[in-house]
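Peer 1: Can you read through this structure? Questions will come right after.
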Amino acid sequence: MYTTDLSGKKAKPEAAITENPAKLAAFEARVAADEFIEPKDWMPEAYRKTLIRQISQHAHSEIVGMLPEGNWITRAPNLRRKAILLAKVQDEAGHGLYLYCAAETLGVSRDEMTEALLSGKAKYSTIFNYPTLTWADIGAIGWLVDGAAIMNQVPLQRTSYGPYARAMVRICKEESFHQRQGYEIMMHLAAGTDAQKRMAQDALDRWWWPSLMMFGPPDDKSPNTEQSMRWRIKRDTNDELRQKFVDITAPQAEAIGLSVPDPALKWNETRGAYDFGDVDWEEFYAVVRGEGPVAKERNQARVKAWENGAWVREAARVHAEKRANAKIAAE
Amino acid sequence: MHAADGKMALEHARDTYTRRMEGVSLWVLPSAQIIASDPGDAAALFAPAEDKIYRHPTFYKIPDGITHI
């Protein structure tokens, strides 16, 4: 997921130990009572750091997430689809901005976060390092990727950090449009010509497994889940969310005559849930390490956008300065 | 918003916060100029309003049969 802990290492426990025990206990009690923690409130350093990492990673995912879809704006099949895709990609930019603002309240600057993204130091969701080869991929992304995002983000509307929770409320409202427009694309293709149906199936085949990987490693390989759940930074485990996603999405595929590329997928009457095959975690870890099919292109695109925009930022700054000086001179 | 000046901040605020008609007006000002209350003082500031329940119309009992009030 956009917020998955991609570090793979267990956070150092010392941080929590060196905190003032009385303050720590009061903080933990507030969080346990589902109160919101606000920017000026006391918080343990480890909580602050974890949140900065999680929120900025989430923001970066929104920003990098514009690239695979932006790729298709000029080639959308008609004006209706183009207008919708433009609006969706603009929403992603908005989501990135809400989240960068929320992270800034924790004491990290926008420049520091931008720098971490451009240098490759910061992670973002593995899903965006896969290419969008056909128009059906735009449908698959909205349906599956945004669908998975909703699954993860709805519980985060009640996350313990106030500014993050409030950003999530806005984002969730908008994600629902993203998911439905994606499903609509798939629905139309699946009901179209044989070639269109094949295109839709091919997109599902390529995006299904990477979408399941978005929820992060299995629970027994996710060392920080327990701490994050106690802090209400995370509200469900990776495996719980993955199961929920499969249960909801499999019937949606069936309803439009597409088949999920997993021979082990089967409804389990006893569990009241779908059984499904094993995710290829080697592929996931390779993408986390930066070996995704288009990881380099994504980074280059961000760096190029930043560098090409330098003169605009500089011109705006000089213009603002000049006008401010003129105003002072006139007074 | 991050912006070079007020006009740019207004334009960015429009794009970021009103894509779905959420607002009828936008105000921008430099964040350094905001003077805000400390959440830690919330009790001292707002608790006194809690015991003034007579400010709410439901505090007053009106007999059955009296309407439009």
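Naming scheme: A, B, ... for chains in displayed order of the structure tokens; residues 1 onward per chain; ligands 1 onward as shown.
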Distance cut-off 7 Å, counting only C-alpha atoms - which residues of chain A neighbour chain B? Return them as an NGL selection string.

Peer 2: :A and (94 or 316-317 or 320)

Peer 1: Would you output that residue set with all heavy atoms, as a short mmCIF file (atom, residue, chain, number, x, y, z; two decimals), in the first residue's frame?

Peer 2:
data_model
loop_
_atom_site.label_atom_id
_atom_site.label_comp_id
_atom_site.auth_asym_id
_atom_site.auth_seq_id
_atom_site.Cartn_x
_atom_site.Cartn_y
_atom_site.Cartn_z
N GLY A 94 -3.43 16.79 -6.08
CA GLY A 94 -4.05 17.36 -4.88
C GLY A 94 -3.79 16.49 -3.65
O GLY A 94 -3.44 16.99 -2.59
N ALA A 316 9.05 33.34 -10.52
CA ALA A 316 7.95 33.70 -9.62
C ALA A 316 8.49 34.39 -8.38
O ALA A 316 7.92 35.39 -7.90
CB ALA A 316 7.17 32.44 -9.23
N ARG A 317 9.61 33.88 -7.89
CA ARG A 317 10.21 34.47 -6.69
C ARG A 317 10.68 35.89 -6.96
O ARG A 317 10.39 36.82 -6.20
CB ARG A 317 11.40 33.60 -6.22
CG ARG A 317 11.93 33.94 -4.84
CD ARG A 317 13.21 33.16 -4.54
NE ARG A 317 14.29 33.43 -5.48
CZ ARG A 317 15.04 34.53 -5.48
NH1 ARG A 317 14.83 35.47 -4.58
NH2 ARG A 317 16.01 34.69 -6.38
N ALA A 320 7.73 38.28 -7.44
CA ALA A 320 7.08 38.61 -6.16
C ALA A 320 7.91 39.62 -5.39
O ALA A 320 7.39 40.57 -4.79
CB ALA A 320 6.87 37.34 -5.35
#

Peer 1: Env of Leu10 of chain B: 8 Å cut, atoms = only C-alpha atoms, seq-sep filter 4 positions within chain, self excluded. Answer as a list in words.

Peer 2: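 Counting only the stated atoms, we get Gly6, Arg14, Leu26, Trp27 and Val28 of chain B.
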
Peer 1: For the atom pair atom CA of Gly216 of chain A and atom CA of Asn238 of chain A, what is the interatomic distance in Å to one decimal place?

Peer 2: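 We find that atom CA of Gly216 of chain A and atom CA of Asn238 of chain A lie 5.9 Å from each other.
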
Peer 1: As a list in words, please: all residues of segment 14-61 of chain B that backbone DSSP puts in alpha helix (DSSP H).

Peer 2: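 Secondary structure check on segment 14-61 of chain B, alpha helix (DSSP H): Arg14, Asp15, Thr16, Tyr17, Ala42, Ala43, Ala44, Leu45, Phe46, Ala47, Pro48, Ala49 and Glu50 of chain B.
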
Peer 1: In Å to one decimal, how far is atom CA of Pro261 of chain A from atom CA of Asp205 of chain A?

Peer 2: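 Value for the atom CA of Asp205 of chain A-atom CA of Pro261 of chain A distance: 5.5 Å.
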
Peer 1: Which value, in Å to one decimal, gives the distance between atom CA of Met113 of chain A and atom CA of Pro217 of chain A?

Peer 2: 24.7 Å

Peer 1: Tell me, as an MDAnalysis selection string, which residues lie within 8 Å of Thr134 of chain A, counting only C-alpha atoms; anything in the same chain fewer than 2 positions away does not count.

Peer 2: chainID A and resid 132 136:138 199 203

Peer 1: Would you save the residues from that selection as an mmCIF file, in the first residue's frame, using C-alpha atoms?

Peer 2:
data_model
loop_
_atom_site.group_PDB
_atom_site.id
_atom_site.type_symbol
_atom_site.label_atom_id
_atom_site.label_comp_id
_atom_site.auth_asym_id
_atom_site.auth_seq_id
_atom_site.Cartn_x
_atom_site.Cartn_y
_atom_site.Cartn_z
ATOM 1 C CA THR A 132 1.095 1.207 -18.498
ATOM 2 C CA ALA A 136 -6.942 -0.998 -20.446
ATOM 3 C CA ASP A 137 -4.153 -0.436 -17.922
ATOM 4 C CA ILE A 138 -5.813 2.870 -17.050
ATOM 5 C CA MET A 199 -6.921 -6.127 -23.786
ATOM 6 C CA ALA A 203 -4.411 -5.685 -18.074
#

Peer 1: Using only C-alpha atoms, pick whichever of A:Ser176, A:Gln54, A:Thr105, A:Thr114 has the shortest atom-to-atom distance to Lys234 of chain A.

Peer 2: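 Closest candidate: A:Gln54.
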
Peer 1: So, with only C-alpha atoms as the atoms that count, which of A:Glu35, A:Gln181, A:Phe284, A:Ala148 lies closest to Ala83 of chain A?

Peer 2: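 Answer, going by the shortest atom-to-atom distance: A:Gln181.
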